[in-house]
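Novice: Input model-v7.cif, format and content: mmCIF, C-alpha atoms.
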data_input
loop_
_atom_site.label_atom_id
_atom_site.label_comp_id
_atom_site.auth_asym_id
_atom_site.auth_seq_id
_atom_site.Cartn_x
_atom_site.Cartn_y
_atom_site.Cartn_z
CA MET A 7 129.21 102.29 119.97
CA GLN A 8 128.19 98.63 120.20
CA ILE A 9 124.52 99.58 119.59
CA LYS A 10 125.55 101.33 116.36
CA ILE A 11 127.35 98.20 115.16
CA ILE A 12 124.35 96.01 115.96
CA PHE A 13 122.01 98.48 114.24
CA ILE A 14 124.20 98.60 111.13
CA GLY A 15 124.39 94.80 111.08
CA VAL A 16 120.60 94.49 111.28
CA MET A 17 120.19 97.04 108.48
CA VAL A 18 122.65 95.19 106.23
CA LEU A 19 120.82 91.90 106.81
CA SER A 20 117.46 93.56 106.12
CA LEU A 21 118.66 95.09 102.87
CA SER A 22 120.19 91.83 101.69
CA SER A 23 116.95 89.93 102.36
CA ILE A 24 114.98 92.60 100.44
CA SER A 25 117.43 92.31 97.54
CA SER A 26 117.07 88.52 97.61
CA ALA A 27 113.26 88.83 97.51
CA VAL A 28 113.50 91.19 94.53
CA ASP A 29 115.83 88.77 92.71
CA THR A 30 113.46 85.84 93.41
CA ASN A 31 110.47 87.84 92.15
CA ALA A 32 112.39 88.79 88.99
CA GLN A 33 113.25 85.14 88.37
CA GLU A 34 109.60 84.11 88.87
CA LYS A 35 108.52 86.73 86.33
CA ILE A 36 111.08 85.52 83.81
CA GLN A 37 110.04 81.90 84.35
CA ILE A 38 106.37 82.51 83.47
CA VAL A 39 107.39 84.31 80.25
CA LYS A 40 109.83 81.50 79.42
CA LYS A 41 107.01 78.98 79.89
CA LEU A 42 104.88 80.98 77.46
CA TYR A 43 107.58 80.98 74.77
CA ASN A 44 108.53 77.36 75.40
CA SER A 45 104.89 76.37 74.88
CA LEU A 46 104.87 78.25 71.56
CA LEU A 47 108.09 76.64 70.37
CA ASP A 48 107.89 73.07 71.70
CA GLY A 49 106.09 71.67 68.67
CA SER A 50 102.76 71.15 70.45
CA ALA A 51 101.10 73.54 67.96
CA LEU A 52 99.81 75.69 70.78
CA GLY A 53 98.72 78.96 69.17
CA GLU A 54 99.37 82.42 70.55
CA ASP A 55 95.80 82.85 71.82
CA GLU A 56 95.94 79.58 73.74
CA ALA A 57 99.37 80.37 75.15
CA ILE A 58 98.12 83.77 76.30
CA ARG A 59 95.07 82.11 77.90
CA ARG A 60 97.29 79.57 79.67
CA TYR A 61 99.72 82.08 81.16
CA GLY A 62 97.60 85.24 81.15
CA SER A 63 95.73 86.87 83.98
CA HIS A 64 92.02 86.35 84.55
CA GLU A 65 91.31 89.79 83.03
CA LEU A 66 93.29 89.00 79.89
CA ARG A 67 91.46 85.67 79.50
CA GLN A 68 88.09 87.41 79.91
CA ILE A 69 88.90 89.81 77.08
CA LEU A 70 89.94 86.92 74.82
CA ASN A 71 86.75 85.04 75.72
CA LYS A 72 84.63 88.06 74.69
CA LEU A 73 86.48 88.25 71.39
CA GLU A 74 85.91 84.54 70.81
CA VAL A 75 82.15 84.98 71.31
CA ILE A 76 82.14 87.89 68.83
CA SER A 77 84.12 85.80 66.35
CA ASP A 78 81.72 82.86 66.76
CA HIS A 79 78.78 85.16 65.94
CA ASN A 80 80.60 86.25 62.77
CA GLU A 81 81.70 82.82 61.63
CA GLY A 82 83.47 82.92 58.31
CA ASP A 83 84.57 86.55 58.73
CA GLN A 84 88.16 87.42 59.53
CA CYS A 85 88.09 89.72 62.55
CA GLU A 86 90.71 92.46 62.84
CA TRP A 87 92.24 91.02 66.00
CA GLN A 88 92.77 87.54 64.58
CA ALA A 89 96.22 88.27 63.25
CA ALA A 90 98.96 85.90 64.37
CA GLY A 91 102.51 86.97 64.96
CA VAL A 92 102.08 89.17 68.02
CA LEU A 93 104.44 87.27 70.32
CA ILE A 94 106.71 86.07 67.52
CA PRO A 95 106.40 88.24 64.42
CA GLY A 96 105.72 86.46 61.16
CA GLN A 97 103.64 83.55 60.04
CA ASP A 98 106.33 80.95 60.66
CA THR A 99 109.32 80.72 62.94
CA ASP A 100 112.92 79.62 62.88
CA LEU A 101 113.32 80.71 66.48
CA THR A 102 114.44 78.26 69.16
CA ALA A 103 113.87 78.69 72.89
CA ASN A 104 117.60 78.88 73.65
CA LYS A 105 118.00 81.91 71.36
CA ILE A 106 115.63 84.12 73.37
CA GLN A 107 117.07 86.67 75.77
CA TYR A 108 115.09 87.60 78.89
CA SER A 109 115.70 90.54 81.19
CA VAL A 110 113.81 92.50 83.81
CA LEU A 111 113.57 96.21 83.12
CA GLN A 112 113.69 98.93 85.79
CA ASN A 113 109.90 99.30 85.54
CA GLY A 114 109.54 95.61 86.47
CA ARG A 115 108.51 94.40 83.01
CA VAL A 116 110.14 91.34 81.49
CA ARG A 117 111.71 92.03 78.12
CA VAL A 118 112.03 89.33 75.50
CA GLN A 119 114.49 89.92 72.67
CA ALA A 120 115.16 87.55 69.81
CA LYS A 121 115.34 87.20 66.03
CA ASN A 122 112.91 85.39 63.80
CA PHE A 123 114.27 84.74 60.30
CA GLY A 124 116.90 87.41 60.98
CA GLN A 125 114.38 90.07 62.03
CA SER A 126 114.94 91.40 65.54
CA PHE A 127 111.94 91.84 67.79
CA LYS A 128 111.21 92.63 71.39
CA VAL A 129 108.15 92.24 73.57
CA ASP A 130 107.76 93.68 77.08
CA PHE A 131 105.55 91.77 79.52
CA ASP A 132 103.77 93.01 82.64
CA VAL A 133 103.76 90.11 85.07
CA LYS A 134 102.02 90.04 88.42
CA CYS A 135 103.11 87.55 91.06
CA THR A 136 101.13 86.55 94.14
CA ASN A 137 101.36 83.68 96.60
CA LEU A 138 99.38 81.63 94.06
CA GLY A 139 101.93 82.18 91.29
CA CYS A 140 102.61 84.58 88.45
CA SER A 141 100.50 85.54 85.46
CA ILE A 142 100.96 87.84 82.50
CA THR A 143 98.68 90.87 82.80
CA ASP A 144 99.65 92.61 79.56
CA PHE A 145 102.40 92.86 76.97
CA TYR A 146 103.65 95.61 74.71
CA THR A 147 104.79 95.42 71.08
CA PRO A 148 105.11 98.52 71.67
CA GLN A 149 101.37 99.20 72.21
CA SER A 150 99.42 97.48 74.98
CA TYR A 151 97.95 94.19 73.76
CA LYS A 152 95.32 94.22 76.52
CA ASN A 153 94.11 97.73 75.67
CA MET A 154 94.03 96.97 71.96
CA MET A 155 92.03 93.74 72.47
CA ALA A 156 89.70 95.44 74.99
CA SER A 157 88.90 98.14 72.42
CA TYR A 158 87.94 95.44 69.90
CA ALA A 159 85.80 93.71 72.55
CA ARG A 160 83.99 96.99 73.31
CA LYS A 161 83.04 97.35 69.62
CA GLY A 162 81.25 94.02 69.85
CA GLN A 163 81.70 93.10 66.21
CA CYS A 164 84.32 92.07 63.69
#
Could you take the file, read its structure, and then write that structure out as structure tokens?

Specialist:
Amino acid sequence: MQIKIIFIGVMVLSLSSISSAVDTNAQEKIQIVKKLYNSLLDGSALGEDEAIRRYGSHELRQILNKLEVISDHNEGDQCEWQAAGVLIPGQDTDLTANKIQYSVLQNGRVRVQAKNFGQSFKVDFDVKCTNLGCSITDFYTPQSYKNMMASYARKGQC
């Protein structure tokens, strides 16, 4: 009987530490997405591309670098992918950082919900965390940003 009690106690402690690790990971994921939005809204005039480069994964940055090279070769042309308003819809914003809601979905993505000039929007972020920190690997509006940008990069032209 005493062995059962000890076993149950160990199991309860194990499950609570796993739950704590999951909560910590969820908070780390939310924090990297908050940093992204704070950098967009803090008045430093950091554009969406630069914010994505700063908080995005190596793979996401590589895709953006390829697109930049293509754009440089077609200077003066407006490339399809150069539309702003992916992370915050519209050409301007009345959004403030404290009006953004963040949550972690069952699939592990971080959902951002807010309103810009009264228009509701949501963006779901895939975030990968390692011992070195967290980075955004993709986001959905609802389509995959990474896949869409990679398809433009494969075309090799504007």

Novice: What's around Ala103 of chain A at 12 Å? Count all atoms listed in the file, leave out sequence neighbours fewer than 5 positions away in its own chain, and write the answer as a list in words.

Specialist: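 Contacts, with the query itself left out: Val39, Lys40, Lys41, Leu42, Tyr43, Asn44, Ser45, Leu46, Leu47, Asp48, Gly49, Ile94, Tyr108, Val118, Gln119, Ala120, Lys121 and Asn122 of chain A.
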
Novice: For the provided coordinates, the residues matched by the PyMOL selection byres ((chain A and resi 76-79) around 12) should be stated as a VMD selection string.

Specialist: chain A and resid 69 to 75 80 to 88 158 to 164

Novice: Enter the distance from atom CA of Phe127 of chain A to atom CA of Leu93 of chain A, in Å, rounded to one decimal.

Specialist: 9.1 Å

Novice: Quote the spacing between atom CA of Thr99 of chain A and atom CA of Leu52 of chain A in Å to one decimal place.

Specialist: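 Going from atom CA of Thr99 of chain A over to atom CA of Leu52 of chain A, I get 13.3 Å.
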
Novice: Can you measure atom CA of Lys152 of chain A to atom CA of Gly114 of chain A for me? One decimal in Å is fine.

Specialist: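 Separation of atom CA of Lys152 of chain A and atom CA of Gly114 of chain A: 17.4 Å.
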
Novice: Evaluate the PyMOL selection byres ((chain A and resi 35) around 9) here and jot the selected residues down as a list in words.

Specialist: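 Those residues are Thr30, Asn31, Ala32, Gln33, Glu34, Ile36, Gln37, Ile38, Val39, Lys40, Val110, Gly114, Arg115, Val116, Phe131, Asp132, Val133, Lys134, Cys135, Cys140, Ser141 and Ile142 of chain A.
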
Novice: Using all atoms listed in the file, determine which residues lie at most 12 Å from Ala90 of chain A, disregarding the query and same-chain residues fewer than 5 positions distant; provide the list as an MDAnalysis selection string.

Specialist: chainID A and resid 53:56 84:85 95:99
